[in-house]
Each structure stands twice: as structure tokens, then as C-alpha cells.
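Visitor: Sharing target.pdb (PDB, C-alpha atoms) below.
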ATOM      1  CA  MET K   1       9.527  -4.614 -10.634
ATOM      2  CA  SER K   2       9.958  -1.192  -9.150
ATOM      3  CA  GLU K   3      12.628   0.720 -10.969
ATOM      4  CA  SER K   4      12.684   3.526  -8.426
ATOM      5  CA  LYS K   5      15.673   2.210  -6.457
ATOM      6  CA  GLY K   6      18.609   4.458  -7.067
ATOM      7  CA  MET K   7      16.586   6.766  -9.320
ATOM      8  CA  SER K   8      15.387  10.217  -8.414
ATOM      9  CA  ALA K   9      11.702  10.961  -8.732
ATOM     10  CA  PRO K  10      10.562  13.393 -11.435
ATOM     11  CA  ALA K  11      10.184  16.922 -10.080
ATOM     12  CA  ASP K  12       6.441  16.955 -10.773
ATOM     13  CA  PHE K  13       5.767  13.490  -9.291
ATOM     14  CA  GLU K  14       2.746  13.348  -6.998
ATOM     15  CA  PRO K  15       2.250   9.960  -5.346
ATOM     16  CA  ARG K  16      -1.045   8.110  -5.496
ATOM     17  CA  ILE K  17      -1.761   6.414  -2.189
ATOM     18  CA  VAL K  18      -4.661   4.130  -1.338
ATOM     19  CA  ALA K  19      -5.567   4.187   2.360
ATOM     20  CA  ILE K  20      -7.591   1.249   3.661
ATOM     21  CA  PHE K  21      -9.005   2.288   7.020
ATOM     22  CA  CYS K  22     -10.889   0.391   9.720
ATOM     23  CA  ASN K  23     -14.415   1.764  10.141
ATOM     24  CA  TRP K  24     -14.312   1.983  13.922
ATOM     25  CA  CYS K  25     -10.997   3.716  14.548
ATOM     26  CA  THR K  26      -8.859   5.003  11.699
ATOM     27  CA  TYR K  27     -11.713   5.989   9.378
ATOM     28  CA  THR K  28     -13.388   7.803  12.271
ATOM     29  CA  ALA K  29     -10.062   9.518  13.034
ATOM     30  CA  SER K  30      -9.806  10.656   9.414
ATOM     31  CA  ASP K  31     -13.316  12.081   9.732
ATOM     32  CA  LEU K  32     -12.248  13.850  12.932
ATOM     33  CA  ALA K  33      -9.226  15.287  11.101
ATOM     34  CA  GLY K  34     -11.572  16.668   8.461
ATOM     35  CA  THR K  35     -14.079  18.142  10.886
ATOM     36  CA  SER K  36     -11.191  19.642  12.875
ATOM     37  CA  ARG K  37      -9.969  21.261   9.654
ATOM     38  CA  LEU K  38      -6.581  19.550   9.856
ATOM     39  CA  THR K  39      -4.984  19.566   6.439
ATOM     40  CA  TYR K  40      -3.087  16.640   5.026
ATOM     41  CA  ALA K  41      -1.779  15.705   1.615
ATOM     42  CA  PRO K  42      -4.555  15.224  -0.954
ATOM     43  CA  ASN K  43      -2.688  12.259  -2.473
ATOM     44  CA  VAL K  44      -4.639   9.717  -0.425
ATOM     45  CA  ARG K  45      -7.857   7.987  -1.462
ATOM     46  CA  ILE K  46      -9.555   6.376   1.525
ATOM     47  CA  VAL K  47     -11.368   3.052   1.372
ATOM     48  CA  ARG K  48     -13.382   2.086   4.448
ATOM     49  CA  VAL K  49     -13.485  -1.529   5.618
ATOM     50  CA  MET K  50     -15.175  -2.818   8.748
ATOM     51  CA  CYS K  51     -11.888  -4.104  10.184
ATOM     52  CA  SER K  52      -8.220  -3.988   9.184
ATOM     53  CA  GLY K  53      -8.277  -7.771   9.586
ATOM     54  CA  ARG K  54     -10.504  -7.892   6.483
ATOM     55  CA  VAL K  55      -7.758  -6.428   4.283
ATOM     56  CA  ASP K  56      -6.720  -9.249   1.981
ATOM     57  CA  PRO K  57      -3.151  -8.956   0.634
ATOM     58  CA  GLN K  58      -4.674  -9.250  -2.838
ATOM     59  CA  PHE K  59      -6.388  -5.874  -2.258
ATOM     60  CA  VAL K  60      -2.982  -4.298  -1.701
ATOM     61  CA  LEU K  61      -1.415  -6.019  -4.715
ATOM     62  CA  THR K  62      -4.351  -4.964  -6.889
ATOM     63  CA  ALA K  63      -4.048  -1.352  -5.742
ATOM     64  CA  LEU K  64      -0.349  -1.345  -6.637
ATOM     65  CA  ARG K  65      -0.991  -3.051  -9.958
ATOM     66  CA  GLU K  66      -3.741  -0.558 -10.815
ATOM     67  CA  GLY K  67      -1.528   2.474 -10.303
ATOM     68  CA  ALA K  68      -1.131   3.225  -6.595
ATOM     69  CA  ASP K  69       2.393   4.143  -5.558
ATOM     70  CA  GLY K  70       1.722   3.120  -1.956
ATOM     71  CA  VAL K  71      -0.902   1.625   0.341
ATOM     72  CA  LEU K  72      -1.610   2.733   3.901
ATOM     73  CA  ILE K  73      -3.580   0.367   6.140
ATOM     74  CA  GLY K  74      -5.032   1.775   9.352
ATOM     75  CA  GLY K  75      -6.563  -0.173  12.202
ATOM     76  CA  CYS K  76      -7.425  -0.082  15.887
ATOM     77  CA  HIS K  77      -4.655  -0.181  18.455
ATOM     78  CA  PRO K  78      -3.679  -3.655  19.709
ATOM     79  CA  ASN K  79      -6.150  -4.994  22.302
ATOM     80  CA  ASP K  80      -8.683  -2.377  21.163
ATOM     81  CA  CYS K  81     -10.102  -4.073  18.039
ATOM     82  CA  HIS K  82     -13.889  -4.120  17.837
ATOM     83  CA  TYR K  83     -13.588  -7.652  16.430
ATOM     84  CA  GLN K  84     -11.145  -8.820  19.132
ATOM     85  CA  GLU K  85      -8.181  -9.904  16.950
ATOM     86  CA  GLY K  86      -8.641  -8.320  13.527
ATOM     87  CA  ASN K  87      -5.702  -5.969  13.908
ATOM     88  CA  TYR K  88      -3.381  -8.854  14.811
ATOM     89  CA  LYS K  89      -4.544 -10.631  11.670
ATOM     90  CA  ALA K  90      -3.715  -7.479   9.677
ATOM     91  CA  LEU K  91      -0.256  -7.340  11.267
ATOM     92  CA  ARG K  92       0.495 -10.951  10.282
ATOM     93  CA  ARG K  93      -0.717 -10.340   6.736
ATOM     94  CA  VAL K  94       1.314  -7.150   6.289
ATOM     95  CA  THR K  95       4.440  -8.889   7.607
ATOM     96  CA  LEU K  96       4.030 -11.623   4.988
ATOM     97  CA  LEU K  97       3.123  -9.055   2.340
ATOM     98  CA  HIS K  98       6.371  -7.160   2.988
ATOM     99  CA  ARG K  99       8.328 -10.351   2.287
ATOM    100  CA  LEU K 100       6.361 -10.925  -0.902
ATOM    101  CA  LEU K 101       6.898  -7.359  -2.111
ATOM    102  CA  GLU K 102      10.654  -7.681  -1.600
ATOM    103  CA  GLN K 103      10.602 -10.837  -3.752
ATOM    104  CA  PHE K 104       8.863  -8.798  -6.459
ATOM    105  CA  GLY K 105      11.517  -6.096  -6.177
ATOM    106  CA  ILE K 106       9.103  -3.582  -4.643
ATOM    107  CA  GLU K 107      10.186  -1.561  -1.633
ATOM    108  CA  LYS K 108       8.306  -2.696   1.468
ATOM    109  CA  GLU K 109       8.065   0.939   2.556
ATOM    110  CA  ARG K 110       5.316   1.337  -0.052
ATOM    111  CA  VAL K 111       2.943  -0.576   2.240
ATOM    112  CA  ARG K 112       2.477   0.719   5.772
ATOM    113  CA  LEU K 113       0.336  -0.438   8.681
ATOM    114  CA  GLU K 114      -0.596   2.044  11.414
ATOM    115  CA  TRP K 115      -2.661   1.804  14.583
ATOM    116  CA  ILE K 116      -4.777   4.959  14.916
ATOM    117  CA  SER K 117      -7.691   5.306  17.335
ATOM    118  CA  ALA K 118     -10.856   7.277  16.655
ATOM    119  CA  SER K 119      -9.661  10.229  18.763
ATOM    120  CA  GLU K 120      -6.343  10.615  16.915
ATOM    121  CA  GLY K 121      -7.273  12.871  13.996
ATOM    122  CA  ASP K 122      -3.938  14.646  14.345
ATOM    123  CA  ARG K 123      -2.160  11.302  13.968
ATOM    124  CA  VAL K 124      -3.982  10.637  10.668
ATOM    125  CA  GLN K 125      -2.692  13.987   9.435
ATOM    126  CA  LYS K 126       0.869  13.165  10.535
ATOM    127  CA  VAL K 127       0.911   9.619   9.104
ATOM    128  CA  VAL K 128      -0.618  10.628   5.753
ATOM    129  CA  ASN K 129       1.853  13.477   5.336
ATOM    130  CA  GLU K 130       4.798  11.257   6.349
ATOM    131  CA  MET K 131       3.793   8.513   3.946
ATOM    132  CA  THR K 132       3.244  10.959   1.098
ATOM    133  CA  GLU K 133       6.758  12.338   1.577
ATOM    134  CA  GLN K 134       8.216   8.835   1.880
ATOM    135  CA  ILE K 135       6.584   7.710  -1.375
ATOM    136  CA  ARG K 136       7.629  10.960  -3.036
ATOM    137  CA  ARG K 137      11.263  10.144  -2.111
ATOM    138  CA  LEU K 138      10.909   6.565  -3.403
ATOM    139  CA  GLY K 139       9.499   7.828  -6.682
ATOM    140  CA  PRO K 140       6.757   6.352  -8.837
ATOM    141  CA  LEU K 141       6.134   2.627  -8.727
ATOM    142  CA  ARG K 142       6.896   1.376 -12.200
ATOM    143  CA  LEU K 143       5.442  -2.047 -12.823
ATOM    144  CA  GLU K 144       5.538  -3.889 -16.102
ATOM    145  CA  PRO K 145       2.030  -3.676 -17.575
ATOM    146  CA  LEU K 146       0.046  -6.883 -17.145
ATOM    147  CA  GLU K 147      -0.633  -7.121 -20.882
ATOM    148  CA  ALA K 148       3.105  -7.014 -21.684
ATOM    149  CA  ARG K 149       3.740  -9.691 -19.059
ATOM    150  CA  GLU K 150       1.040 -11.952 -20.513
ATOM    151  CA  ALA K 151       2.393 -11.456 -24.046
ATOM    152  CA  HIS K 152       5.875 -12.309 -22.797
ATOM    153  CA  ALA K 153       4.601 -15.466 -21.092
ATOM    154  CA  ALA K 154       2.782 -16.565 -24.254
ATOM    155  CA  GLY K 155       5.870 -15.942 -26.371
ATOM    156  CA  GLY K 156       8.523 -17.665 -24.330
ATOM    157  CA  GLY K 157       7.581 -18.083 -20.707
ATOM    158  CA  ASP K 158       9.667 -17.249 -17.685
ATOM    159  CA  GLU K 159      12.787 -18.943 -18.994
ATOM    160  CA  ALA K 160      13.301 -15.924 -21.299
ATOM    161  CA  ARG K 161      13.349 -13.569 -18.291
ATOM    162  CA  SER K 162      16.776 -12.739 -16.936
ATOM    163  CA  PRO K 163      17.398 -13.720 -13.296
ATOM    164  CA  ALA K 164      17.802 -10.065 -12.350
ATOM    165  CA  GLU K 165      14.367  -9.135 -13.739
ATOM    166  CA  PRO K 166      11.648  -9.382 -11.067
ATOM    167  CA  ALA K 167       8.281 -10.880 -11.903
ATOM    168  CA  ALA K 168       5.145  -8.794 -12.410
ATOM    169  CA  ILE K 169       2.488  -8.878  -9.721
ATOM    170  CA  GLY K 170      -1.045 -10.085 -10.209
ATOM    171  CA  THR K 171      -0.409 -12.470 -13.068
ATOM    172  CA  GLY K 172      -2.309 -15.406 -11.651
ATOM    173  CA  GLY K 173       0.677 -17.488 -10.610
ATOM    174  CA  ALA K 174       3.062 -16.564 -13.423
ATOM    175  CA  ALA K 175       5.130 -14.509 -10.997
TER     176      ALA K 175
END
So that I can check it, write out the structure of this file as C-alpha cells.
Guide:
Amino acid sequence: MSESKGMSAPADFEPRIVAIFCNWCTYTASDLAGTSRLTYAPNVRIVRVMCSGRVDPQFVLTALREGADGVLIGGCHPNDCHYQEGNYKALRRVTLLHRLLEQFGIEKERVRLEWISASEGDRVQKVVNEMTEQIRRLGPLRLEPLEAREAHAAGGGDEARSPAEPAAIGTGGAA
């Protein structure tokens, strides 16, 4: 449902990015970046979770539906997860989520998974700045409002939707 493909972003567009960071590595690295006075784009809002493996794809879809233009997930490096295999679980989920986003017509580049250890504050700075620029190039994520989608479904269902029109996300199975 993203209409940003082939369109240029407005000149004053500032992306909104939700970052979901693992408590033990990436969140600690973001804290290190702050205490080291490394500056990175202020477009990111960080949410701390105990493990990247706890990031449910529905969290990502909800963030996008609620206005985020991109979601950054950060976890421990492979074989370094404090919960043994949480980061591998996150990798499998993000891989499936990318496929789902493409079916919705949303660029998979809007969701990114990065392995960042607690000592890599400079890497947090680099990744956040890279993602902000990438989302800025993609432009705003324009999703059909949920209310309009529900009204459409009540008035005629999916058969009224043209085949080229992607479904809205987060509609409880109507997509």
C-alpha cells in the first residue's frame, strides 16, 4: 500500500523510525553512543525489549500502521545471544516479514535487522544514520487508513478492490 515507489519524497519529509533494540547488546550500544556524545539522526524512537527474539512481527506491522516509515530491529551478534537463540528467531521472523511486506506492496527496506554488540556505539550511529537516509529516499509510507479500509470492506468487500491495489495491513484478516 506504499505509494512511494517511483515518487520523490517531499523536500521537508523527515522519516519516523521505530527502533526495537535488545536490552543486552543494541540498547546498551545506543546508550554508549549517547554517553560518548556520538550524534545520530533524531528520527528514531527506541523501544527496549529483553531480546530481539521477542519481537513479534505484529509489533512491526503495528508500528508501520500507526505512522512509522521504517522499523529497525537490533540484536546480539549470532552465537552471542544472552538467550542462546533469540537472534536466530528474530532473523527467521524478519525474513518472513519481508515476504509479507512485499505482498502488501511495502518496500522490504523499510524493515531492517542489525546485529550490534554492546561495545559498538559507533555502529548504532552509523546504522541509524544509514537507515534514516534510506527511508528519506524511499519517501513517506502511505497506507490506506484502517477506517477507510473497514468502510470499504463493509460496503463491498475485497471483490471491489482492483487486482493492482494492495491490501491494507492490520485489518484482522481482511488483507
Visitor: In Å, rounded to a single decimal, give me how far atom CA of Cys76 of chain K is from atom CA of Ala41 of chain K.
Guide: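 Atom CA of Cys76 of chain K lies at a distance of 22.0 Å from atom CA of Ala41 of chain K.
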Visitor: So which one's closest to Ile116 of chain K, K:Ala154, K:Cys81, K:Leu138, K:Ile46? Using only C-alpha atoms, please.
Guide: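 When distances to Ile116 of chain K are compared using only C-alpha atoms, the smallest one comes from K:Cys81.
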Visitor: Evaluated on this file, the PyMOL selection byres ((chain K and resi 130) around 12) picks out some residues - which ones are they, written as a compact mmCIF listing (two decimals) with C-alpha atoms, in the frame of the given file?
Guide:
# COMPACT_ATOMS: atom_id res chain seq x y z
CA ILE K 17 -1.76 6.41 -2.19
CA TYR K 40 -3.09 16.64 5.03
CA ALA K 41 -1.78 15.70 1.62
CA ASN K 43 -2.69 12.26 -2.47
CA VAL K 44 -4.64 9.72 -0.42
CA LEU K 72 -1.61 2.73 3.90
CA GLU K 109 8.06 0.94 2.56
CA ARG K 110 5.32 1.34 -0.05
CA ARG K 112 2.48 0.72 5.77
CA GLU K 114 -0.60 2.04 11.41
CA ARG K 123 -2.16 11.30 13.97
CA VAL K 124 -3.98 10.64 10.67
CA GLN K 125 -2.69 13.99 9.44
CA LYS K 126 0.87 13.16 10.54
CA VAL K 127 0.91 9.62 9.10
CA VAL K 128 -0.62 10.63 5.75
CA ASN K 129 1.85 13.48 5.34
CA MET K 131 3.79 8.51 3.95
CA THR K 132 3.24 10.96 1.10
CA GLU K 133 6.76 12.34 1.58
CA GLN K 134 8.22 8.84 1.88
CA ILE K 135 6.58 7.71 -1.38
CA ARG K 136 7.63 10.96 -3.04
CA ARG K 137 11.26 10.14 -2.11
Visitor: Adding 8 Å on each side of the box along x, y and z that holds all listed atoms of segment 57-68 of chain K, could you give its centre and edge lengths in Å to one decimal, as AutoDock Vina command-line options?
Guide:
--center_x -3.4 --center_y -3.0 --center_z -5.1 --size_x 22.0 --size_y 28.5 --size_z 27.4
Visitor: Give me the segment 29-107 of chain K side of the contact with segment 117-121 of chain K, cut-off 8 Å, one line per residue showing its nearest atom pair and distance in Å at one decimal, counting only C-alpha atoms, sorted by chain and residue number, as a Markdown table.
Guide:
| residue | atom | partner | partner_atom | distance |
| --- | --- | --- | --- | --- |
| K:Ala29 | CA | K:Ala118 | CA | 4.3 |
| K:Ser30 | CA | K:Gly121 | CA | 5.7 |
| K:Asp31 | CA | K:Gly121 | CA | 7.4 |
| K:Leu32 | CA | K:Gly121 | CA | 5.2 |
| K:Ala33 | CA | K:Gly121 | CA | 4.2 |
| K:Gly34 | CA | K:Gly121 | CA | 8.0 |
| K:Ser36 | CA | K:Gly121 | CA | 7.9 |
| K:Leu38 | CA | K:Gly121 | CA | 7.9 |
| K:Gly75 | CA | K:Ser117 | CA | 7.6 |
| K:Cys76 | CA | K:Ser117 | CA | 5.6 |
| K:His77 | CA | K:Ser117 | CA | 6.4 |
Visitor: Find, counting only C-alpha atoms, the residue in K:Asn23, K:Thr35, K:Ser52, K:Thr28 that gets nearest to Arg92 of chain K.
Guide: K:Ser52
